[in-house]
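Asks: Take a look at final-v4.txt, compact mmCIF, C-alpha atoms:
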```txt
# COMPACT_ATOMS: atom_id res chain seq x y z
CA MET A 280 36.66 -35.10 30.25
CA PHE A 281 34.73 -35.11 26.97
CA LYS A 282 36.65 -37.75 24.98
CA ARG A 283 33.49 -39.78 24.58
CA VAL A 284 30.27 -37.85 24.68
CA VAL A 285 27.95 -39.82 26.92
CA MET A 286 26.42 -36.78 28.60
CA GLN A 287 24.81 -33.60 27.37
CA VAL A 288 27.16 -30.79 26.44
CA ILE A 289 25.92 -27.27 27.05
CA PHE A 290 27.59 -24.05 25.97
CA HIS A 291 26.91 -20.72 27.62
CA ILE A 292 27.95 -18.06 25.12
CA ASP A 293 28.42 -14.48 26.29
CA LEU A 294 29.28 -11.51 24.08
CA ASN A 295 32.09 -9.57 25.76
CA ALA A 296 31.39 -5.92 26.73
CA PHE A 297 28.62 -6.09 24.16
CA TYR A 298 27.47 -2.48 23.75
CA ALA A 299 31.02 -1.12 23.67
CA SER A 300 32.18 -3.92 21.36
CA ALA A 301 29.23 -3.21 19.06
CA GLU A 302 30.33 0.41 18.71
CA ILE A 303 33.90 -0.69 17.95
CA ALA A 304 32.57 -3.10 15.32
CA ARG A 305 30.74 -0.18 13.72
CA ASN A 306 33.71 2.19 14.00
CA PRO A 307 37.07 0.35 14.14
CA LYS A 308 38.83 3.65 14.96
CA LEU A 309 37.51 3.18 18.51
CA LYS A 310 39.57 0.02 18.95
CA ASN A 311 41.99 0.17 21.89
CA LYS A 312 40.35 3.39 23.12
CA PRO A 313 38.77 3.89 26.56
CA LEU A 314 35.09 3.84 25.65
CA VAL A 315 31.87 3.77 27.65
CA ILE A 316 28.21 3.65 26.68
CA SER A 317 26.21 6.11 28.75
CA GLY A 318 23.95 9.12 28.80
CA GLN A 319 25.70 12.36 28.00
CA SER A 320 25.22 14.27 31.27
CA ARG A 321 27.89 13.88 33.94
CA ARG A 322 25.39 12.34 36.37
CA SER A 323 24.51 9.56 33.92
CA ILE A 324 25.27 5.96 34.83
CA ILE A 325 27.62 3.90 32.65
CA THR A 326 25.90 1.02 30.88
CA THR A 327 28.99 -0.72 29.48
CA ALA A 328 32.73 -0.04 29.58
CA SER A 329 35.24 -1.32 27.04
CA TYR A 330 38.13 -3.41 28.31
CA GLU A 331 40.47 -0.47 27.69
CA ALA A 332 38.28 1.71 29.93
CA ARG A 333 38.25 -1.01 32.59
CA LYS A 334 42.02 -0.72 32.86
CA PHE A 335 41.37 2.69 34.46
CA GLY A 336 39.02 1.15 37.01
CA ILE A 337 35.91 2.18 35.10
CA HIS A 338 32.98 -0.23 35.18
CA SER A 339 29.26 -0.48 34.47
CA ALA A 340 26.91 1.25 36.94
CA MET A 341 29.61 3.84 37.73
CA PRO A 342 28.49 7.50 37.53
CA LEU A 343 29.95 9.15 34.47
CA PHE A 344 31.55 11.99 36.43
CA GLN A 345 33.60 9.45 38.40
CA ALA A 346 34.72 7.81 35.17
CA TYR A 347 35.92 11.17 33.85
CA GLN A 348 37.98 11.58 37.02
CA LYS A 349 39.71 8.29 36.28
CA CYS A 350 40.26 8.90 32.56
CA LYS A 351 40.27 12.40 31.06
CA ASP A 352 40.39 10.98 27.50
CA LEU A 353 37.30 8.84 28.00
CA ILE A 354 35.07 8.47 24.92
CA VAL A 355 31.35 8.50 25.71
CA LEU A 356 28.74 7.24 23.25
CA PRO A 357 24.95 7.07 23.73
CA VAL A 358 23.01 3.83 23.81
CA ASP A 359 21.75 2.71 20.39
CA PHE A 360 19.27 -0.04 21.26
CA GLU A 361 18.03 -0.52 17.72
CA TYR A 362 21.54 -1.26 16.48
CA TYR A 363 22.38 -3.49 19.45
CA HIS A 364 19.23 -5.55 19.07
CA GLN A 365 19.87 -6.06 15.38
CA LEU A 366 23.38 -7.34 16.20
CA SER A 367 21.88 -9.49 18.95
CA ASN A 368 19.47 -11.08 16.48
CA ASP A 369 22.33 -11.72 14.07
CA PHE A 370 24.34 -13.31 16.88
CA PHE A 371 21.51 -15.67 17.87
CA ASN A 372 20.97 -16.61 14.24
CA ILE A 373 24.63 -17.63 13.95
CA ILE A 374 24.40 -19.77 17.09
CA ALA A 375 21.12 -21.32 15.89
CA SER A 376 22.92 -22.52 12.75
CA TYR A 377 24.86 -24.91 15.01
CA SER A 378 21.95 -26.09 17.15
CA ASP A 379 18.28 -25.24 17.35
CA VAL A 380 18.24 -26.15 21.04
CA LEU A 381 18.99 -22.57 22.03
CA GLU A 382 17.71 -20.55 24.97
CA VAL A 383 18.16 -16.79 25.00
CA ALA A 384 19.19 -15.54 28.44
CA SER A 385 19.57 -11.82 27.63
CA ILE A 386 20.43 -9.53 24.75
CA ASP A 387 24.05 -10.74 24.72
CA GLU A 388 24.05 -14.29 26.04
CA CYS A 389 22.46 -17.67 25.45
CA TYR A 390 22.57 -21.34 26.37
CA VAL A 391 22.85 -23.91 23.60
CA ASP A 392 22.79 -27.70 23.78
CA VAL A 393 25.46 -28.90 21.32
CA THR A 394 25.37 -32.60 22.23
CA LYS A 395 23.95 -33.64 18.88
CA ILE A 396 26.41 -31.75 16.67
CA ILE A 397 29.38 -32.97 18.72
CA GLN A 398 28.24 -36.56 18.32
CA GLU A 399 27.52 -36.16 14.61
CA ARG A 400 30.80 -34.42 13.79
CA ASN A 401 32.88 -36.31 16.36
CA PHE A 402 34.18 -32.98 17.64
CA HIS A 403 35.84 -32.15 20.91
CA PRO A 404 33.76 -29.37 22.51
CA ILE A 405 36.73 -26.98 22.54
CA LYS A 406 37.12 -27.34 18.78
CA LEU A 407 33.46 -26.50 18.27
CA ALA A 408 33.68 -23.56 20.69
CA LYS A 409 36.63 -22.12 18.76
CA GLU A 410 34.74 -22.52 15.50
CA ILE A 411 31.76 -20.63 16.92
CA GLN A 412 33.99 -17.86 18.28
CA GLN A 413 35.68 -17.45 14.92
CA ASP A 414 32.35 -17.51 13.09
CA VAL A 415 30.84 -14.81 15.31
CA TYR A 416 33.94 -12.63 15.02
CA ARG A 417 34.20 -13.08 11.25
CA GLN A 418 30.58 -12.13 10.65
CA LEU A 419 29.95 -9.53 13.36
CA HIS A 420 33.43 -8.48 14.61
CA LEU A 421 32.29 -9.33 18.14
CA LYS A 422 34.22 -11.37 20.69
CA CYS A 423 32.51 -13.93 22.90
CA SER A 424 33.42 -16.16 25.82
CA ILE A 425 32.13 -19.72 26.00
CA GLY A 426 31.57 -21.90 29.04
CA ILE A 427 31.36 -25.65 28.44
CA SER A 428 29.64 -27.98 30.88
CA PRO A 429 27.13 -30.81 31.30
CA ASN A 430 24.63 -28.31 32.80
CA LYS A 431 23.46 -24.72 32.51
CA PHE A 432 24.71 -23.42 35.85
CA LEU A 433 28.28 -24.63 35.42
CA ALA A 434 28.30 -23.42 31.80
CA LYS A 435 27.27 -19.94 32.96
CA MET A 436 29.93 -19.91 35.68
CA ALA A 437 32.56 -21.13 33.21
CA SER A 438 31.88 -18.44 30.61
CA ASP A 439 32.73 -15.74 33.18
CA MET A 440 36.13 -17.23 34.03
CA LYS A 441 38.07 -16.13 30.94
CA LYS A 442 37.26 -12.87 29.15
CA PRO A 443 37.47 -11.72 26.48
CA MET A 444 37.37 -14.55 23.92
CA GLY A 445 37.86 -17.24 26.56
CA ILE A 446 36.86 -20.90 26.56
CA THR A 447 36.50 -22.80 29.85
CA ILE A 448 35.39 -26.35 30.60
CA LEU A 449 33.81 -26.72 34.04
CA THR A 450 32.51 -30.07 35.32
CA ARG A 451 31.99 -31.70 38.69
CA SER A 452 35.48 -33.15 38.38
CA ASN A 453 37.25 -29.78 38.36
CA LEU A 454 34.85 -27.41 40.09
CA LYS A 455 36.73 -27.79 43.39
CA GLU A 456 39.77 -26.18 41.80
CA LEU A 457 38.07 -23.66 39.50
CA MET A 458 34.81 -22.67 41.21
CA TRP A 459 34.91 -23.40 44.91
CA PRO A 460 37.61 -20.81 45.74
CA LEU A 461 35.52 -18.00 44.20
CA ASP A 462 33.92 -15.36 46.40
CA ILE A 463 30.18 -15.91 46.81
CA GLN A 464 29.51 -12.59 45.07
CA ASN A 465 30.71 -14.32 41.89
CA MET A 466 28.14 -17.11 42.16
CA PHE A 467 25.35 -16.72 39.63
CA GLY A 468 22.06 -16.38 41.49
CA VAL A 469 23.48 -14.82 44.67
CA GLY A 470 22.54 -11.14 44.87
CA LYS A 471 24.19 -8.28 46.73
CA LYS A 472 21.89 -8.35 49.75
CA THR A 473 22.21 -12.11 50.12
CA THR A 474 25.99 -11.83 49.77
CA ILE A 475 26.14 -9.41 52.70
CA LYS A 476 24.01 -11.66 54.91
CA LEU A 477 25.98 -14.78 54.03
CA LYS A 478 29.31 -13.10 54.72
CA GLU A 479 28.04 -11.83 58.06
CA ALA A 480 27.32 -15.50 58.85
CA GLY A 481 30.84 -16.56 57.84
CA ILE A 482 29.98 -17.97 54.41
CA ASN A 483 32.50 -16.32 52.10
CA THR A 484 33.26 -18.68 49.22
CA ILE A 485 31.30 -21.01 46.98
CA LYS A 486 33.03 -23.86 48.81
CA ASP A 487 31.34 -22.67 52.01
CA ILE A 488 27.94 -22.93 50.30
CA ALA A 489 28.83 -26.41 49.05
CA ASP A 490 29.75 -27.54 52.57
CA TYR A 491 26.76 -29.36 54.06
CA SER A 492 27.80 -28.37 57.58
CA ASN A 493 26.73 -24.81 56.66
CA TYR A 494 23.35 -25.88 55.30
CA ASP A 495 21.31 -24.86 58.36
CA ILE A 496 22.86 -21.38 58.28
CA LEU A 497 22.19 -21.19 54.56
CA ARG A 498 18.56 -22.16 55.08
CA GLN A 499 18.08 -19.52 57.77
CA ILE A 500 19.31 -16.82 55.40
CA VAL A 501 17.86 -17.78 52.00
CA GLY A 502 14.98 -20.02 53.07
CA LYS A 503 13.62 -22.40 50.44
CA ASN A 504 16.42 -21.44 48.03
CA ALA A 505 19.02 -23.06 50.28
CA LEU A 506 18.78 -26.47 48.63
CA LEU A 507 19.01 -24.93 45.17
CA LEU A 508 22.19 -22.99 46.03
CA TYR A 509 23.69 -26.00 47.79
CA ARG A 510 23.10 -28.22 44.76
CA LYS A 511 24.48 -25.66 42.32
CA ALA A 512 27.57 -25.09 44.45
CA ASN A 513 28.14 -28.83 44.13
CA GLY A 514 27.70 -28.70 40.36
CA ILE A 515 24.17 -30.12 40.25
CA ASP A 516 21.63 -28.51 37.93
CA SER A 517 18.91 -30.55 36.22
CA ARG A 518 17.47 -27.76 34.08
CA MET A 519 17.43 -28.43 30.37
CA VAL A 520 18.14 -25.89 27.65
CA ASP A 521 14.60 -24.96 26.68
CA PRO A 522 13.98 -22.78 23.61
CA GLN A 523 10.48 -22.07 24.95
CA GLN A 524 11.88 -20.59 28.14
CA ASN A 525 13.21 -17.45 26.53
CA GLU A 526 14.12 -15.26 29.48
CA LEU A 527 13.32 -12.15 27.48
CA LYS A 528 9.70 -12.36 28.65
CA SER A 529 9.42 -8.60 28.39
CA VAL A 530 10.47 -6.36 25.54
CA GLY A 531 11.27 -2.96 26.93
CA ASN A 532 13.27 0.18 26.49
CA SER A 533 14.14 2.91 28.95
CA THR A 534 16.13 6.08 28.66
CA THR A 535 17.77 8.49 31.08
CA LEU A 536 16.88 11.99 29.97
CA PRO A 537 19.71 14.45 29.18
CA TYR A 538 18.48 16.52 32.14
CA ASP A 539 15.68 16.24 34.67
CA THR A 540 12.52 17.77 33.25
CA SER A 541 8.80 18.18 33.85
CA ASP A 542 8.21 19.48 30.32
CA GLU A 543 5.41 17.25 29.06
CA VAL A 544 6.28 17.95 25.44
CA ILE A 545 9.71 16.40 26.02
CA LEU A 546 8.25 13.57 28.10
CA TYR A 547 5.62 12.69 25.48
CA ASP A 548 8.25 12.79 22.76
CA THR A 549 10.37 10.39 24.82
CA LEU A 550 7.41 8.02 25.23
CA LYS A 551 6.89 8.15 21.48
CA LYS A 552 10.49 7.14 20.77
CA LEU A 553 10.41 4.38 23.38
CA ALA A 554 7.13 2.95 22.06
CA LYS A 555 8.54 2.92 18.54
CA LYS A 556 11.63 0.99 19.68
CA VAL A 557 9.59 -1.50 21.70
CA SER A 558 7.25 -2.12 18.78
CA SER A 559 10.15 -2.59 16.38
CA ARG A 560 11.95 -5.02 18.68
CA ALA A 561 8.80 -7.05 19.33
CA LYS A 562 8.07 -7.29 15.61
CA ASN A 563 11.65 -8.30 14.84
CA ARG A 564 11.33 -11.18 17.33
CA ASN A 565 7.76 -11.97 16.26
CA LEU A 566 6.55 -11.37 19.83
CA ILE A 567 3.17 -10.08 20.98
CA SER A 568 1.66 -9.18 24.35
CA ASN A 569 -1.52 -7.96 26.00
CA SER A 570 0.31 -6.28 28.89
CA ILE A 571 1.93 -2.85 28.60
CA SER A 572 3.79 -1.01 31.35
CA ILE A 573 5.67 2.20 31.97
CA THR A 574 8.35 3.21 34.47
CA ILE A 575 8.82 6.76 35.72
CA LYS A 576 11.91 7.61 37.76
CA TYR A 577 12.01 11.02 39.41
CA THR A 578 14.97 13.23 40.36
CA ARG A 579 15.54 11.67 43.77
CA PHE A 580 15.56 8.17 42.26
CA GLU A 581 12.01 7.50 43.45
CA SER A 582 10.40 5.37 40.76
CA ILE A 583 7.00 3.92 39.96
CA SER A 584 5.94 1.21 37.52
CA ARG A 585 2.39 0.83 36.27
CA GLN A 586 0.92 -1.67 33.85
CA THR A 587 -2.40 -2.52 32.23
CA THR A 588 -3.79 -5.32 30.10
CA ILE A 589 -5.89 -5.14 26.96
CA ASN A 590 -8.16 -7.67 25.27
CA SER A 591 -5.84 -8.68 22.45
CA TYR A 592 -2.20 -9.57 21.93
CA ILE A 593 -0.39 -6.89 19.92
CA ASN A 594 2.98 -5.37 19.02
CA ASP A 595 1.48 -2.35 17.24
CA TYR A 596 3.32 0.95 17.76
CA GLU A 597 0.19 3.09 17.95
CA ILE A 598 -1.42 0.92 20.62
CA ILE A 599 1.78 0.73 22.67
CA LEU A 600 2.19 4.51 22.52
CA SER A 601 -1.46 5.25 23.29
CA THR A 602 -1.48 2.91 26.28
CA ALA A 603 1.86 4.21 27.58
CA LYS A 604 0.57 7.77 27.33
CA MET A 605 -2.63 6.80 29.14
CA LEU A 606 -0.62 5.21 31.97
CA PHE A 607 1.65 8.25 32.13
CA ASP A 608 -1.23 10.74 32.30
CA ALA A 609 -2.93 8.69 35.01
CA ASN A 610 0.17 8.44 37.22
CA TYR A 611 2.53 11.36 36.55
CA ASN A 612 2.70 13.75 39.53
CA GLY A 613 4.19 16.76 37.75
CA ARG A 614 7.69 16.49 39.24
CA ALA A 615 10.93 16.50 37.27
CA VAL A 616 11.58 13.15 35.59
CA ARG A 617 15.00 11.53 35.24
CA LEU A 618 14.10 8.29 33.40
CA LEU A 619 11.20 6.87 31.40
CA GLY A 620 10.62 3.28 30.31
CA VAL A 621 8.05 1.41 28.23
CA SER A 622 7.65 -2.39 28.11
CA LEU A 623 5.58 -5.21 26.69
CA ASN A 624 5.31 -7.85 29.42
CA ASN A 625 4.81 -11.62 29.32
CA THR A 626 5.35 -11.76 25.58
CA ILE A 627 4.52 -14.83 23.51
CA ASP A 628 5.53 -15.94 20.06
CA LYS A 629 3.01 -14.76 17.48
CA LYS A 630 3.00 -18.07 15.61
CA ASP A 631 2.07 -19.93 18.81
CA TYR A 632 -0.78 -17.60 19.63
CA LYS A 633 -4.34 -18.82 19.20
CA GLU A 634 -6.97 -16.42 20.42
CA GLN A 635 -9.80 -18.49 21.91
CA LEU A 636 -12.42 -15.76 21.94
CA SER A 637 -11.54 -13.49 19.06
CA ILE A 638 -13.19 -10.13 19.31
CA PHE A 639 -12.94 -9.81 15.54
CA ASP A 640 -14.85 -12.92 14.45
CA SER A 641 -18.14 -11.10 13.98
CA SER A 642 -16.72 -8.94 11.20
CA ASN A 643 -17.18 -10.22 7.65
CA ASP A 644 -15.40 -7.29 6.08
CA LYS A 645 -11.71 -8.20 5.91
CA THR A 646 -10.58 -5.19 3.89
CA ASN A 647 -10.26 -2.92 6.92
CA ASN A 648 -9.51 -5.63 9.45
CA ASN A 649 -6.42 -3.97 10.96
CA ASP A 650 -8.26 -0.67 11.36
CA ASP A 651 -11.25 -2.41 12.93
CA ASP A 652 -8.97 -4.33 15.31
CA LEU A 653 -7.30 -1.12 16.41
CA ASP A 654 -10.62 0.65 16.96
CA ILE A 655 -11.87 -2.18 19.17
CA ILE A 656 -8.70 -2.31 21.25
CA LEU A 657 -8.65 1.46 21.78
CA ASP A 658 -12.34 1.40 22.71
CA ASP A 659 -11.55 -1.32 25.24
CA ILE A 660 -8.88 0.83 26.89
CA ASN A 661 -11.15 3.88 26.99
CA LYS A 662 -13.96 1.85 28.58
CA LYS A 663 -11.57 0.63 31.25
CA PHE A 664 -10.86 4.23 32.27
CA LYS A 665 -14.49 5.32 31.71
CA LYS A 666 -13.55 8.24 29.45
CA PRO A 667 -12.04 8.80 25.99
CA ILE A 668 -8.42 8.93 27.09
CA ILE A 669 -6.90 7.80 23.80
CA THR A 670 -7.85 7.72 20.16
CA LYS A 671 -6.32 7.09 16.74
CA ALA A 672 -4.21 9.83 15.22
CA SER A 673 -6.32 9.72 12.06
CA LYS A 674 -9.34 10.85 14.09
CA ILE A 675 -7.58 13.84 15.65
CA LYS A 676 -7.82 17.04 13.64
CA ASN A 677 -7.26 20.12 15.78
CA LYS A 678 -5.65 18.84 18.96
CA ASN A 679 -2.06 19.78 18.27
CA ILE A 680 -0.42 18.13 21.25
CA GLN A 681 -2.14 14.77 20.73
CA LYS A 682 -1.66 14.94 16.98
CA LYS A 683 2.05 15.46 17.44
CA TYR A 684 2.53 12.53 19.79
CA LEU A 685 0.07 9.98 18.42
CA LYS A 686 0.82 10.20 14.72
```
Could you render the structure from this file as structure tokens?
Replies:
Amino acid sequence: MFKRVVMQVIFHIDLNAFYASAEIARNPKLKNKPLVISGQSRRSIITTASYEARKFGIHSAMPLFQAYQKCKDLIVLPVDFEYYHQLSNDFFNIIASYSDVLEVASIDECYVDVTKIIQERNFHPIKLAKEIQQDVYRQLHLKCSIGISPNKFLAKMASDMKKPMGITILTRSNLKELMWPLDIQNMFGVGKKTTIKLKEAGINTIKDIADYSNYDILRQIVGKNALLLYRKANGIDSRMVDPQQNELKSVGNSTTLPYDTSDEVILYDTLKKLAKKVSSRAKNRNLISNSISITIKYTRFESISRQTTINSYINDYEIILSTAKMLFDANYNGRAVRLLGVSLNNTIDKKDYKEQLSIFDSSNDKTNNNDDDLDIILDDINKKFKKPIITKASKIKNKNIQKKYLK
């Protein structure tokens, strides 16, 4: 299939059971143990389950109390986003050493165009994939699966076929055997609601989507996306691996509280921790944004999301926290909260940013530039809400609550 490279070769690389594997890498004593990453209360939802835990029928999105029913010796560890994101950065740096045509898809997966290195080194793609797997495991003690294909969609589908530490080649010449028999719920891009509607219409496998005789039915159900799904089911995807199309357009963190609470001291403290993590992650990736949002999920799973924009692109902790607190105060209804989240939205790379109308140009004094910038941004937010909602911690002297949560 790839004896002579006359087409592009794309890898989709996926870290296996990433959060759980990261904890095992940090503590090898957890190896071969049933492990999940989750909140600590029994009603918490499992984020990731190790392969040993999956043998008991435990999976992500399962309530923790159900997992305990399946495995009494289950080990439960809390989410450590800071650690996971550092490992994620290390992982992407390893992959980037093979090709700079890399597109991040999520914290634990990426697409990479390896056409050039295969041509230069006269490698078979499988040999290169094995080298990458070994390199990642040697440096990070993390296993990854790799899908190999001429396009992104097939590469993504291929990486899911063999886990953990699998390598699969999927092309238009073998997709009839490897991909078409799969249930439509396994097709990337087909959600749960669409799956139900398609199955009600008699479309059960990817082969059914690829069959043109079903196209009218497909169009009635998914509308303008029908052609896209039909093409992908037939192995056609013209998208290029684009490093500028980093799908991590938002940098966010959320946390499920240990118990539902309306205690504002606890809620403000949670916002503080979330803002600190978001700021750290954005700075590590050299990302900035002028859009900040929060998510509040109440006891009965009712949730709201609110966002605001400011006049400058930032990743500053104090501004993120102040804005998140402002949004919280303006929208919180006093009920018990189950989950809080803070995000920077529509992020851009700091080095690519050129502010056309800088609000700082009029200042000739550069010695306190950062302080001046912060003052102007906070003033902008306060003007938007027509009252002094937020201020710098250094200007707060006797307001204990604000001093505690804005320092």
Asks: Kindly assemble as a tab-separated table a list of the region 531-606 of chain A residues that lie within 12 Å of region 366-384 of chain A, each paired with its nearest atom pair and their distance in Å to one decimal, using all atoms listed in the file, sorted first by chain and then by ascending residue number.
Replies:
```
residue	atom	partner	partner_atom	distance
A:Arg560	CA	A:Asn368	CA	9.9
A:Ala561	CA	A:Asn368	CA	11.8
A:Asn563	CA	A:Asn368	CA	8.5
A:Arg564	CA	A:Asn368	CA	8.2
A:Asn565	CA	A:Asn368	CA	11.7
```
Asks: From (19.3, -3.0, 18.9), in the file's coordinates, out to 10 Å: which residues are reached, counting all atoms listed in the file? Answer as number ranges by chain.
Replies: A: 298, 301, 358-368, 386, 556, 559-560
Asks: Between A:Ala304, A:Ser570, A:Asn295, A:Gly445, which is the closest to Arg417 (chain A) once you count all atoms listed in the file?
Replies: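 For Arg417 (chain A), the nearest of the given residues is A:Ala304.
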Asks: What does the distance between CA of Val520 (chain A) and CA of Val391 (chain A) come to in Å, to one decimal place?
Replies: 6.5 Å
Asks: Would you please work out which residue, of A:Cys389, A:Val315, A:Ile396, A:Leu606, is nearest to Pro522 (chain A) when using all atoms listed in the file?
Replies: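 When distances to Pro522 (chain A) are compared using all atoms listed in the file, the smallest one comes from A:Cys389.
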Asks: Within 8 Å of Asp387 (chain A), counting only C-alpha atoms, which residues show up once you throw out same-chain ones fewer than 6 positions away? Write them as a VMD selection string, please.
Replies: chain A and resid 293 to 294 297 367
Asks: Keeping only C-alpha atoms, write the selected residues to a file as a PDB file, in the coordinates of the input.
Replies:
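Now in result01.pdb:
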```pdb
ATOM      1  CA  ASP A 293      28.420 -14.480  26.290  1.00  0.00           C
ATOM      2  CA  LEU A 294      29.280 -11.510  24.080  1.00  0.00           C
ATOM      3  CA  PHE A 297      28.620  -6.090  24.160  1.00  0.00           C
ATOM      4  CA  SER A 367      21.880  -9.490  18.950  1.00  0.00           C
TER       5      SER A 367
END
```
Asks: Around (33.1, -13.6, 38.6) in the file's frame, which residues reach within 7 Å when counting all atoms listed in the file? Return as an mmCIF file with C-alpha atoms, in the frame of the given file?
Replies:
```cif
data_model
loop_
_atom_site.group_PDB
_atom_site.id
_atom_site.type_symbol
_atom_site.label_atom_id
_atom_site.label_comp_id
_atom_site.auth_asym_id
_atom_site.auth_seq_id
_atom_site.Cartn_x
_atom_site.Cartn_y
_atom_site.Cartn_z
ATOM 1 C CA ASP A 439 32.730 -15.740 33.180
ATOM 2 C CA MET A 440 36.130 -17.230 34.030
ATOM 3 C CA ASN A 465 30.710 -14.320 41.890
#
```
Asks: Excluding same-chain residues fewer than 2 positions from region 548-551 of chain A, what lies within 10 Å of it counting all atoms listed in the file, as number ranges by chain?
Replies: A: 532-536, 543-546, 553-556, 573, 596-597, 599-601, 603-604, 607, 618-621, 683-686
Asks: Would you mind telling me which residue in A:Asn594, A:Asn612, A:Gln319, A:Thr474 lies nearest to Ile627 (chain A) when using all atoms listed in the file?
Replies: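 Selected residue with least distance to Ile627 (chain A): A:Asn594.
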Asks: So which one's closest to Arg510 (chain A), A:Met444, A:Ala480, A:Tyr347, A:Leu433? Using all atoms listed in the file, please.
Replies: A:Leu433
Asks: Figure out the distance between CA of Gly470 (chain A) and CA of Ile500 (chain A), please, to one decimal in Å.
Replies: 12.4 Å
